[in-house]
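Colleague: Structure supplied as data.txt; contents: compact mmCIF, C-alpha atoms and all ligand atoms.
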```
# COMPACT_ATOMS: atom_id res chain seq x y z
CA MET A 1 18.61 71.46 102.73
CA SER A 2 21.78 69.90 101.22
CA ASP A 3 21.74 66.96 98.78
CA ASP A 4 23.30 64.78 101.50
CA ALA A 5 20.50 65.59 103.90
CA ASP A 6 17.87 64.90 101.18
CA GLN A 7 19.49 61.57 100.42
CA GLY A 8 19.64 60.73 104.11
CA ASP A 9 15.94 61.51 104.45
CA ALA A 10 15.14 59.31 101.46
CA VAL A 11 17.09 56.40 102.97
CA THR A 12 15.42 56.89 106.34
CA ALA A 13 11.99 56.91 104.65
CA ARG A 14 12.73 53.56 102.98
CA VAL A 15 14.02 52.06 106.24
CA ARG A 16 10.92 53.34 108.01
CA ALA A 17 8.60 51.78 105.39
CA PHE A 18 10.51 48.51 105.76
CA TYR A 19 10.20 48.37 109.56
CA ARG A 20 6.53 49.38 109.40
CA ARG A 21 6.00 46.34 107.21
CA PHE A 22 8.31 44.03 109.15
CA PRO A 23 8.41 45.16 112.81
CA TYR A 24 11.50 43.50 114.24
CA PRO A 25 11.99 41.11 115.87
CA ARG A 26 8.84 39.03 115.75
CA LEU A 27 8.50 38.04 119.39
CA PRO A 28 5.93 35.94 121.16
CA GLU A 29 3.27 37.88 123.06
CA GLY A 30 3.98 37.88 126.77
CA GLY A 31 7.40 38.18 128.33
CA PRO A 32 10.71 38.93 126.63
CA ALA A 33 12.41 36.18 124.63
CA GLY A 34 15.48 34.62 126.25
CA ILE A 35 17.84 36.18 128.73
CA GLY A 36 18.85 39.29 126.81
CA HIS A 37 22.34 40.39 125.99
CA LEU A 38 25.18 42.38 127.50
CA LEU A 39 23.82 45.72 126.30
CA ASN A 40 20.45 45.43 128.04
CA ASP A 41 21.75 43.76 131.18
CA LEU A 42 21.96 46.00 134.22
CA SER A 43 25.05 44.34 135.74
CA SER A 44 26.95 44.67 132.48
CA ILE A 45 25.87 48.30 131.97
CA ARG A 46 26.77 49.19 135.57
CA HIS A 47 30.18 47.63 135.09
CA HIS A 48 31.09 48.92 131.64
CA VAL A 49 29.45 52.34 131.61
CA PHE A 50 29.39 53.40 135.25
CA ASP A 51 32.55 51.72 136.56
CA GLY A 52 30.49 49.67 138.97
CA THR A 53 28.26 52.34 140.54
CA MET A 54 24.94 53.48 139.08
CA PRO A 55 24.13 57.19 139.49
CA ALA A 56 22.18 57.26 142.76
CA ASN A 57 21.34 60.87 143.59
CA ARG A 58 18.78 61.32 140.77
CA PRO A 59 16.69 59.17 138.43
CA VAL A 60 18.80 57.20 135.95
CA ARG A 61 17.73 58.20 132.44
CA VAL A 62 17.79 55.48 129.79
CA LEU A 63 17.02 55.72 126.08
CA ILE A 64 16.29 52.59 124.06
CA ALA A 65 17.12 53.96 120.62
CA GLY A 66 15.61 52.04 117.70
CA GLY A 67 13.84 49.84 120.22
CA GLY A 68 11.93 47.70 117.68
CA THR A 69 9.28 45.46 119.20
CA GLY A 70 10.37 46.09 122.75
CA GLN A 71 12.73 43.38 123.96
CA SER A 72 15.08 45.81 125.72
CA VAL A 73 12.31 48.02 127.08
CA MET A 74 10.95 44.95 128.80
CA LEU A 75 14.23 43.53 130.07
CA LEU A 76 15.89 46.73 131.13
CA GLY A 77 12.65 48.27 132.39
CA ALA A 78 11.96 45.21 134.54
CA ALA A 79 15.56 45.15 135.83
CA LEU A 80 15.47 48.83 136.80
CA GLN A 81 12.17 48.27 138.59
CA ALA A 82 13.48 45.15 140.36
CA ALA A 83 16.61 47.02 141.47
CA LYS A 84 14.33 49.77 142.85
CA LEU A 85 16.37 52.36 140.99
CA ARG A 86 14.62 55.64 140.34
CA HIS A 87 14.62 55.93 136.57
CA GLU A 88 13.10 57.37 133.42
CA LEU A 89 12.86 55.12 130.40
CA VAL A 90 12.39 56.46 126.88
CA TYR A 91 11.88 54.38 123.72
CA ALA A 92 12.37 55.81 120.23
CA ASP A 93 11.89 54.17 116.85
CA LEU A 94 11.00 55.14 113.29
CA SER A 95 8.27 52.55 112.98
CA GLU A 96 4.92 53.25 114.65
CA GLU A 97 3.96 49.58 114.20
CA SER A 98 7.02 48.53 116.22
CA ALA A 99 6.31 51.15 118.89
CA THR A 100 2.71 49.94 119.24
CA ILE A 101 3.87 46.36 119.69
CA ALA A 102 6.60 47.41 122.12
CA ARG A 103 4.17 49.40 124.26
CA ARG A 104 1.59 46.60 124.35
CA ARG A 105 4.16 43.96 125.28
CA ALA A 106 5.94 46.09 127.87
CA GLU A 107 2.69 47.06 129.58
CA ALA A 108 1.53 43.44 129.64
CA TYR A 109 4.89 42.58 131.24
CA GLY A 110 4.40 45.22 133.94
CA VAL A 111 6.86 47.79 132.58
CA GLN A 112 4.99 51.06 132.93
CA ASP A 113 5.82 54.74 132.65
CA VAL A 114 7.84 54.45 129.47
CA ARG A 115 7.79 57.40 127.09
CA TYR A 116 7.38 56.21 123.47
CA ILE A 117 8.65 58.47 120.68
CA VAL A 118 8.06 57.64 117.01
CA GLY A 119 10.52 59.33 114.68
CA PRO A 120 14.14 59.36 113.52
CA LEU A 121 16.87 59.27 116.15
CA GLU A 122 18.62 61.97 114.17
CA ALA A 123 15.87 64.42 115.14
CA LEU A 124 16.10 63.82 118.91
CA ASP A 125 17.05 66.97 120.71
CA ALA A 126 18.50 67.27 124.23
CA GLU A 127 16.60 70.54 124.74
CA GLN A 128 13.33 68.65 124.36
CA ILE A 129 13.97 65.23 125.83
CA GLY A 130 16.91 65.89 128.14
CA ARG A 131 20.13 63.92 128.44
CA PHE A 132 20.59 60.24 129.15
CA ASP A 133 22.88 58.22 131.35
CA TYR A 134 22.61 55.22 129.07
CA ILE A 135 21.57 54.78 125.47
CA GLU A 136 21.09 51.32 124.00
CA LEU A 137 21.47 51.12 120.22
CA TYR A 138 21.04 47.47 119.34
CA GLY A 139 21.09 46.46 115.69
CA VAL A 140 20.21 49.97 114.52
CA ILE A 141 23.48 51.57 113.36
CA ASN A 142 23.50 49.06 110.49
CA HIS A 143 20.43 50.69 108.95
CA VAL A 144 20.73 54.43 109.52
CA ALA A 145 21.51 56.74 106.59
CA ASP A 146 24.82 57.95 108.02
CA PRO A 147 26.18 56.14 111.11
CA ALA A 148 28.55 58.97 112.05
CA VAL A 149 25.71 61.49 112.02
CA THR A 150 23.52 59.25 114.18
CA LEU A 151 26.32 58.57 116.67
CA ARG A 152 27.14 62.26 116.91
CA ARG A 153 23.49 63.06 117.57
CA LEU A 154 23.23 60.36 120.24
CA SER A 155 26.51 61.29 121.92
CA GLY A 156 25.08 64.82 122.21
CA LEU A 157 22.26 63.31 124.26
CA LEU A 158 24.58 61.68 126.82
CA THR A 159 25.33 63.05 130.26
CA ASP A 160 29.03 63.60 130.98
CA GLU A 161 29.19 60.37 132.99
CA GLY A 162 26.90 58.45 130.61
CA GLY A 163 27.58 55.92 127.90
CA ILE A 164 26.14 54.04 124.97
CA GLY A 165 25.90 50.34 124.19
CA VAL A 166 26.01 49.53 120.48
CA MET A 167 25.43 46.34 118.54
CA ALA A 168 26.69 46.59 114.98
CA TYR A 169 26.81 43.86 112.38
CA GLY A 170 30.21 42.22 111.95
CA ALA A 171 31.41 42.28 108.34
CA LEU A 172 33.29 38.97 108.28
CA GLY A 173 30.63 36.88 109.99
CA ARG A 174 27.99 38.10 107.53
CA THR A 175 29.93 36.76 104.59
CA GLY A 176 27.48 35.73 101.88
CA ILE A 177 24.59 37.97 102.85
CA TYR A 178 25.42 41.05 100.81
CA PRO A 179 25.75 39.40 97.37
CA VAL A 180 22.31 37.86 97.95
CA GLN A 181 20.86 41.26 98.87
CA LYS A 182 22.33 42.76 95.69
CA ALA A 183 21.10 39.88 93.52
CA LEU A 184 17.55 40.20 94.87
CA ARG A 185 17.57 43.94 94.14
CA LEU A 186 18.81 43.37 90.60
CA LEU A 187 16.20 40.68 90.00
CA SER A 188 13.46 43.06 91.18
CA GLY A 189 14.42 45.84 88.75
CA PRO A 190 14.90 49.54 89.52
CA GLU A 191 11.26 50.18 90.42
CA GLY A 192 10.52 46.90 92.20
CA GLU A 193 11.02 45.80 95.80
CA PRO A 194 12.36 42.29 96.47
CA THR A 195 9.80 40.11 98.24
CA VAL A 196 10.03 37.34 100.82
CA ASP A 197 8.83 34.84 98.19
CA LEU A 198 11.57 35.89 95.77
CA ALA A 199 14.17 35.60 98.54
CA ARG A 200 13.03 32.08 99.43
CA THR A 201 13.05 30.99 95.79
CA PHE A 202 16.49 32.49 95.25
CA LEU A 203 17.97 30.98 98.41
CA ASN A 204 16.51 27.54 97.66
CA GLY A 205 18.27 27.56 94.31
CA LEU A 206 21.73 28.39 95.60
CA PRO A 207 24.50 25.85 95.07
CA ALA A 208 25.85 24.07 98.13
CA ASP A 209 29.13 25.96 98.13
CA ASN A 210 27.62 29.45 98.11
CA TRP A 211 28.86 31.29 101.24
CA VAL A 212 25.29 31.67 102.48
CA ARG A 213 25.09 27.91 102.70
CA LYS A 214 28.56 27.49 104.18
CA ASN A 215 28.41 30.28 106.77
CA PRO A 216 27.59 28.60 110.12
CA HIS A 217 25.73 31.72 111.32
CA LEU A 218 23.24 31.23 108.52
CA ALA A 219 22.57 27.56 109.18
CA ASP A 220 19.11 28.50 110.47
CA LEU A 221 18.09 29.63 106.97
CA PRO A 222 15.45 26.94 106.27
CA ASN A 223 13.64 27.80 109.53
CA LEU A 224 13.57 31.59 109.27
CA ASP A 225 10.18 33.25 109.63
CA ASP A 226 9.27 35.99 107.13
CA VAL A 227 10.38 38.83 109.43
CA GLU A 228 13.78 37.29 110.12
CA LEU A 229 14.29 36.46 106.43
CA ALA A 230 13.31 40.00 105.39
CA ASP A 231 15.62 41.53 107.98
CA ARG A 232 18.53 39.52 106.71
CA PHE A 233 18.04 39.78 102.96
CA LEU A 234 15.53 42.53 102.10
CA ASN A 235 16.58 45.41 104.30
CA PRO A 236 16.83 48.48 102.06
CA ASN A 237 19.84 49.86 103.94
CA ASP A 238 22.17 47.37 105.55
CA ARG A 239 25.87 47.56 106.24
CA ALA A 240 28.35 45.69 108.39
CA PHE A 241 31.52 46.81 110.09
CA GLU A 242 34.96 45.75 111.20
CA VAL A 243 36.28 46.80 114.61
CA ARG A 244 38.36 49.66 113.27
CA ASP A 245 35.42 51.06 111.25
CA LEU A 246 33.47 51.28 114.50
CA ALA A 247 36.31 52.97 116.40
CA ALA A 248 36.62 55.55 113.59
CA LEU A 249 32.86 56.21 113.53
CA CYS A 250 32.80 56.64 117.29
CA ALA A 251 35.69 59.11 117.11
CA ILE A 252 33.74 61.22 114.60
CA GLY A 253 30.72 60.97 116.88
CA GLY A 254 32.72 62.25 119.90
CA LEU A 255 32.83 58.82 121.54
CA ALA A 256 35.59 56.46 122.62
CA ILE A 257 35.07 52.71 122.85
CA ARG A 258 35.42 51.48 126.43
CA ALA A 259 35.07 47.76 125.77
CA PHE A 260 34.02 45.25 123.16
CA VAL A 261 32.04 42.50 124.86
CA PRO A 262 32.27 39.77 125.83
CA ALA A 263 35.95 40.39 126.49
CA GLY A 264 37.08 36.90 125.52
CA LEU A 265 35.94 37.30 121.92
CA TYR A 266 38.20 40.33 121.59
CA ALA A 267 41.32 38.99 123.33
CA PRO A 268 43.40 38.00 120.28
CA GLU A 269 45.73 35.59 122.10
CA ARG A 270 42.73 33.37 122.81
CA HIS A 271 42.21 32.94 119.08
CA CYS A 272 45.83 32.71 117.93
CA ARG A 273 47.23 29.21 118.21
CA ASP A 274 50.82 30.27 117.56
CA ALA A 275 52.18 31.44 120.92
CA ALA A 276 55.12 33.07 119.13
CA LEU A 277 52.77 35.90 118.14
CA HIS A 278 51.20 36.43 121.56
CA ASP A 279 53.72 38.99 122.79
CA ARG A 280 53.18 41.10 119.70
CA LEU A 281 49.41 40.90 120.15
CA ARG A 282 49.71 41.86 123.82
CA GLY A 283 51.73 44.93 122.89
CA MET A 284 48.99 46.40 120.70
CA ASN A 285 46.52 49.09 121.69
CA PRO A 286 43.01 47.87 122.67
CA ILE A 287 41.36 48.67 119.31
CA ASP A 288 44.06 46.95 117.26
CA ARG A 289 43.87 43.98 119.62
CA ALA A 290 40.11 43.74 119.09
CA GLN A 291 40.63 44.13 115.35
CA MET A 292 43.20 41.33 115.35
CA ALA A 293 40.77 39.14 117.31
CA GLU A 294 38.11 39.76 114.66
CA TRP A 295 40.51 38.92 111.81
CA LEU A 296 41.83 35.86 113.63
CA GLN A 297 38.35 34.42 114.14
CA GLY A 298 36.86 35.57 110.86
CA THR A 299 33.39 34.62 112.06
CA LEU A 300 32.06 37.44 114.28
CA HIS A 301 28.70 38.38 112.80
CA VAL A 302 27.88 41.00 115.42
CA HIS A 303 29.97 43.39 117.49
CA GLU A 304 28.70 44.57 120.85
CA PHE A 305 30.53 47.40 122.57
CA PHE A 306 30.21 50.17 125.12
CA ALA A 307 31.42 53.70 124.39
CA ALA A 308 31.44 56.95 126.33
CA PRO A 309 32.11 60.60 125.57
CA THR A 310 35.75 60.83 124.50
CA ALA A 311 36.90 62.71 127.59
CA ARG A 312 36.06 59.79 129.86
CA ALA A 313 38.66 57.05 129.82
CA ALA A 314 37.78 53.49 130.74
CA ALA A 315 38.47 52.63 134.37
CA ASP A 316 41.07 50.05 135.25
CA MET A 317 38.98 47.16 136.46
CA ILE A 318 41.99 45.39 137.86
CA VAL A 319 42.27 48.20 140.40
CA TRP A 320 38.70 47.87 141.53
CA LEU A 321 38.91 44.11 141.47
CA SER A 322 41.27 44.56 144.41
CA GLU A 323 38.88 46.80 146.37
CA GLU A 324 37.44 44.90 149.32
CA THR A 325 33.94 46.35 148.90
CA THR A 326 33.66 45.49 145.21
CA ARG A 327 31.01 42.84 144.53
CA LEU A 328 31.22 39.98 142.06
CA VAL A 329 27.90 39.89 140.21
CA PRO A 330 27.18 36.81 138.09
CA ARG A 331 24.88 36.98 135.11
CA ALA A 332 22.87 34.60 132.98
CA LEU A 333 24.02 31.38 134.63
CA LYS A 334 21.74 29.31 136.78
CA ALA A 335 22.83 29.02 140.40
CA ASP A 336 23.24 25.24 140.07
CA VAL A 337 26.03 25.77 137.52
CA PHE A 338 28.12 27.36 140.24
CA SER A 339 27.46 24.58 142.74
CA GLN A 340 28.25 22.01 140.04
CA ILE A 341 31.59 23.69 139.27
CA SER A 342 32.32 24.12 142.93
CA ALA A 343 31.66 20.46 143.66
CA ALA A 344 33.88 19.39 140.76
CA ALA A 345 37.01 21.16 142.06
CA GLY A 346 40.04 20.07 140.07
CA GLN A 347 38.01 18.43 137.27
CA ALA A 348 37.01 19.94 133.96
CA VAL A 349 33.41 21.11 133.68
CA GLU A 350 31.65 22.12 130.48
CA ILE A 351 29.22 25.03 130.47
CA ASP A 352 27.14 25.94 127.44
CA LEU A 353 26.97 29.67 126.95
CA LYS A 354 25.04 31.71 124.46
CA PHE A 355 26.87 34.72 123.21
CA GLY A 356 27.57 36.44 119.94
CA GLY A 357 24.37 34.78 118.71
CA MET A 358 25.93 31.31 119.03
CA THR A 359 26.18 28.68 121.69
CA ARG A 360 29.73 27.99 122.74
CA THR A 361 31.03 25.59 125.31
CA LEU A 362 33.28 26.85 128.06
CA ARG A 363 35.50 24.09 129.42
CA VAL A 364 36.93 25.04 132.79
CA ALA A 365 38.74 23.26 135.59
CA PHE A 366 39.10 25.16 138.83
CA GLU A 367 41.53 24.48 141.65
CA PRO A 368 40.03 23.98 145.14
CA SER A 369 40.59 27.65 146.12
CA GLU A 370 38.94 28.80 142.89
CA ALA A 371 36.07 26.37 143.33
CA ILE A 372 35.35 28.00 146.70
CA VAL A 373 35.12 31.39 144.98
CA VAL A 374 32.77 29.99 142.34
CA GLY A 375 30.57 28.47 145.05
CA LEU A 376 30.14 31.92 146.62
CA LEU A 377 29.15 33.69 143.39
CA PRO A 378 25.35 33.28 143.62
CA GLU A 379 25.47 35.39 146.79
CA GLN A 380 27.16 38.28 144.94
CA PRO A 381 29.91 38.37 147.55
CA THR A 382 32.23 41.30 148.13
CA ILE A 383 35.90 40.70 147.39
CA GLY A 384 36.50 41.18 151.14
CA ARG A 385 34.09 38.37 151.98
CA VAL A 386 35.65 36.01 149.44
CA ILE A 387 39.11 36.68 150.86
CA GLU A 388 37.89 36.12 154.43
CA THR A 389 36.26 32.82 153.43
CA LEU A 390 39.45 31.65 151.72
CA HIS A 391 41.52 32.67 154.76
CA ARG A 392 39.25 30.59 156.98
CA GLN A 393 39.85 27.60 154.70
CA GLY A 394 43.62 27.98 155.08
CA PHE A 395 44.58 29.94 151.96
CA ASP A 396 46.93 32.89 152.37
CA ASN A 397 46.36 36.32 150.86
CA ALA A 398 48.35 35.74 147.68
CA ALA A 399 46.52 32.47 147.00
CA ALA A 400 43.16 34.13 147.68
CA VAL A 401 43.83 37.02 145.32
CA ALA A 402 45.11 34.67 142.61
CA ALA A 403 41.99 32.51 142.93
CA ILE A 404 39.68 35.50 142.60
CA ARG A 405 41.62 36.74 139.58
CA ARG A 406 41.38 33.45 137.78
CA VAL A 407 37.66 33.02 138.40
CA TRP A 408 37.19 36.61 137.29
CA ASP A 409 39.18 36.11 134.09
CA ALA A 410 37.32 32.93 133.16
CA PHE A 411 33.77 34.22 133.69
CA HIS A 412 34.17 37.84 132.68
CA ALA A 413 35.68 36.73 129.37
CA VAL A 414 32.37 35.11 128.47
CA GLY A 415 30.18 37.90 129.82
CA THR A 416 28.89 36.06 132.87
CA LEU A 417 30.57 38.00 135.67
CA HIS A 418 30.69 41.72 136.35
CA LEU A 419 31.82 43.98 139.14
CA ALA A 420 29.70 46.37 141.19
CA ARG A 421 30.94 48.87 143.73
CA GLU A 422 29.13 50.06 146.81
CA PRO A 423 27.91 53.61 146.16
C1 LIG A 501 17.00 45.38 113.53
S1 LIG A 501 15.82 46.36 114.35
C2 LIG A 501 16.41 46.24 116.02
C3 LIG A 501 15.31 46.41 117.04
C4 LIG A 501 15.74 46.33 118.50
N1 LIG A 501 16.79 47.26 118.82
C5 LIG A 501 16.18 44.94 118.86
O1 LIG A 501 17.36 44.69 119.03
O2 LIG A 501 15.33 44.06 118.99
C6 LIG A 501 16.25 48.01 113.90
C7 LIG A 501 15.27 49.04 114.44
O3 LIG A 501 15.86 50.33 114.27
C8 LIG A 501 14.87 51.23 113.84
N2 LIG A 501 15.55 52.32 113.10
C9 LIG A 501 16.36 52.22 112.03
N3 LIG A 501 16.81 53.42 111.67
C10 LIG A 501 16.30 54.31 112.54
C11 LIG A 501 16.41 55.71 112.69
N4 LIG A 501 17.15 56.44 111.87
N5 LIG A 501 15.71 56.30 113.71
C12 LIG A 501 14.95 55.56 114.55
N6 LIG A 501 14.83 54.22 114.46
C13 LIG A 501 15.49 53.61 113.45
C14 LIG A 501 13.95 50.39 112.97
O4 LIG A 501 12.67 50.96 112.82
C15 LIG A 501 13.94 49.07 113.72
O5 LIG A 501 12.89 48.97 114.64
```
Spit out the file's structure as structure tokens when you get a sec.
Ligand SMILES: C[S@@+](CC[C@H](N)C(=O)[O-])C[C@H]1O[C@@H](n2cnc3c(N)ncnc32)[C@H](O)[C@@H]1O

Modeller:
Amino acid sequence: MSDDADQGDAVTARVRAFYRRFPYPRLPEGGPAGIGHLLNDLSSIRHHVFDGTMPANRPVRVLIAGGGTGQSVMLLGAALQAAKLRHELVYADLSEESATIARRRAEAYGVQDVRYIVGPLEALDAEQIGRFDYIELYGVINHVADPAVTLRRLSGLLTDEGGIGVMAYGALGRTGIYPVQKALRLLSGPEGEPTVDLARTFLNGLPADNWVRKNPHLADLPNLDDVELADRFLNPNDRAFEVRDLAALCAIGGLAIRAFVPAGLYAPERHCRDAALHDRLRGMNPIDRAQMAEWLQGTLHVHEFFAAPTARAAADMIVWLSEETTRLVPRALKADVFSQISAAAGQAVEIDLKFGGMTRTLRVAFEPSEAIVVGLLPEQPTIGRVIETLHRQGFDNAAAVAAIRRVWDAFHAVGTLHLAREP
């Protein structure tokens, strides 16, 4: 075995010991916490990975890679069951403690028939476990010994039409964390391991202008439980990425990024107040645009993206947005939000949305034609049905299409609207 491989094994062993001690995340017994995210949401996966149509002629195979204490097994497993999609769900993680918790919670939640594998992702072999249509890799790439090696291994497990959803830490938004990690290691000496108590003592003593205190993503510091605190400051192998790092890693791994999500966070014009630069931003390729959006904001502490084997280019959603049979599928908003917006045609409405780990407020004002579209959303209408409805209310074709486009742009940008196509 080469020195690199030995070193990789040593890192993986330390990460494994860490997650055996601190299975992540600490979740309440019972159902999953919250509404999930765009990488474990079926409507988002169908849209971004499968261009709107899930594989239907065989079971859909899904791998939750580095599944931790089971949040995605529960959410995605329950969604696949509810959609009555034939499927096979596999969970893999280094930590047997995490796998035990995941299995117990998933079974209690009614998600059965999951295969649980304990071991490194880098040892998974398509000959033994087959290929997958979707792999979720949430918060894992930050801790593996060599991200390119892991991505290459996982891309080798994908079917030709499959894809992967990755959450990686964002370098800029984690400003302040890494000096604290290094300080705790130095304080613990070469043989010692930093402890939760040491971390709390150290953090309590930081001056008010330390970045850890100023970074808004870390404002929850005083309330962190031991597991969350350990994950943030004691992880033995932790790195964060910028957009272009991730694109380069994917390329080595035989993957191409299809979309960073939610789209609005990665549309640089939205974050650049000087309109004189907008044309230049629009002229850039998608990765540079996403990179510019990250630099403009300076605060993204996670990146979520979908990627697929390099040969498969991303579909042009604007084309399928014009297909009459395409459905508009809303996500993560209560139905009354749509009726509230619809009733307030012409006036600004504020909607609180949770994404990127933060709550942000979307302020929208929709014209009467657009408000009609919004009112239809809970029924997951086809584009054809929306157009018909608008025609009946006196809007011509151009007005109808423009209304659909604007509603689409507003909600898709914040990850709350996806497209699905009839199989
Ligand atoms: C931060 S946790 C994320 C857990 C879960 N994906 C979630 O979002 O709730 C990282 C997980 O990745 C697992 N992990 C890290 N490196 C791994 C590797 N090389 N192979 C398998 N699992 C790994 C850890 O054991 C841990 O459960």

Colleague: Interatomic distance between atom CA of A:Arg14 and atom CA of A:Phe132?

Modeller: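 About the pair atom CA of A:Arg14 and atom CA of A:Phe132: they are 28.1 Å apart.
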
Colleague: Could you tell me how far atom CA of A:Ile129 lies from atom N3 of ligand LIG 501 (chain A), in Å and to one decimal?

Modeller: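 Rounded to one decimal, the two atoms are 18.7 Å apart.
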
Colleague: Counting all atoms listed in the file, name the residues that have an atom within 8 Å of an atom of ligand LIG 501 (chain A); the answer should be given as a ChimeraX atom specification.

Modeller: /A:12,15-16,18-20,23-25,64-72,92-95,98,118-122,136-145,150,231

Colleague: Provide the atom CA of A:Asp225 to atom CA of A:Gly170 distance in Å, to one decimal place.

Modeller: 22.1 Å

Colleague: Please list as a list in words every residue within 9 Å of stretch 80-90 of chain A, counting all atoms listed in the file and excluding residues in the same chain fewer than 4 positions away.

Modeller: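 Surrounding residues, per the criterion: Leu42, Met54, Ala56, Arg58, Pro59, Val60, Arg61, Val62, Leu63, Ile64, Ala65, Val73, Leu75, Leu76, Val111, Asp113, Val114, Arg115, Tyr116, Ile117 and Ile129 of chain A.
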
Colleague: I need the residue nearest A:Glu127 from this list: A:Leu184, A:Leu157, A:Val401, A:Ile351. Use only C-alpha atoms for the distance.

Modeller: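 Closest candidate: A:Leu157.
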
Colleague: Within 7 Å of (23.1, 52.9, 136.1) (coordinates as in the file), grab all the protein and nucleic acid residues, counting all atoms listed in the file, and write them out as a PyMOL selection string.

Modeller: chain A and resi 45-46+50+53-55+60

Colleague: Might you pull out every residue within 7 Å of A:Ser369, with only C-alpha atoms counted and same-chain residues fewer than 4 positions away left off, and present them as a ChimeraX atom specification?

Modeller: /A:373,390,403

Colleague: Can you work out which one of A:Gln340, A:Thr195, A:Asn285, A:Asn223 has the shortest atom-to-atom distance to A:Phe366, counting all atoms listed in the file?

Modeller: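 Of A:Gln340, A:Thr195, A:Asn285, A:Asn223, the one nearest A:Phe366 is A:Gln340, counting all atoms listed in the file.
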
Colleague: Measuring between only C-alpha atoms, which one of A:His412, A:Arg239, A:Arg185, A:His217 shows the shortest distance to A:Ala267?

Modeller: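 The answer is A:His412, which sits nearest to A:Ala267.
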
Colleague: Rank nothing, just name the residue among A:Arg153, A:Val386, A:Asp226, A:Arg232 nearest to A:Val180, using all atoms listed in the file.

Modeller: A:Arg232

Colleague: Excluding A:Leu296 and residues on its chain fewer than 3 positions from it, collect all residues at most 8 Å away from it, counting all atoms listed in the file, and give them as a count of residues only.

Modeller: 5

Colleague: Let me make sure I understand: among A:Arg200, A:Arg131, A:Lys214, A:His48, which one has the smallest atom-to-atom distance to A:Gly165 if we use only C-alpha atoms?

Modeller: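 Result for the nearest residue to A:Gly165: A:His48.
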
Colleague: Restricting the calculation to only C-alpha atoms, which member of A:Val11, A:Pro330, A:Ala126, A:Asn40 is positioned closest to A:Pro236?

Modeller: A:Val11

Colleague: At a cut-off of 6 Å, using only C-alpha atoms, what residues contact A:Tyr134? Leave out same-chain residues fewer than 3 positions from it and give the result as a list in words.

Modeller: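 Selected residues are Val62, Gly162, Gly163 and Ile164 of chain A.
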
Colleague: Would you kindly return, as a list of chain:residue names, each protein, DNA or RNA residue with an atom no farther than 12 Å from any atom of A:Ala399, considering all atoms listed in the file and excluding same-chain residues fewer than 3 positions away?

Modeller: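 Skipping anything fewer than 3 positions along the chain leaves A:Glu367, A:Pro368, A:Ser369, A:Glu370, A:Val373, A:Val386, A:Ile387, A:Glu388, A:Leu390, A:His391, A:Gln393, A:Gly394, A:Phe395, A:Asp396, A:Ala402, A:Ala403, A:Ile404, A:Arg405, A:Arg406.
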
Colleague: Please define a box with edges along x, y and z of the file around all atoms of stretch 345-351 of chain A given in the file, extend it by 5 Å on each side, and return its centre and edge lengths in Å to one decimal, as AutoDock Vina command-line options.

Modeller:
```
--center_x 34.6 --center_y 21.7 --center_z 136.3 --size_x 20.8 --size_y 16.6 --size_z 21.6
```
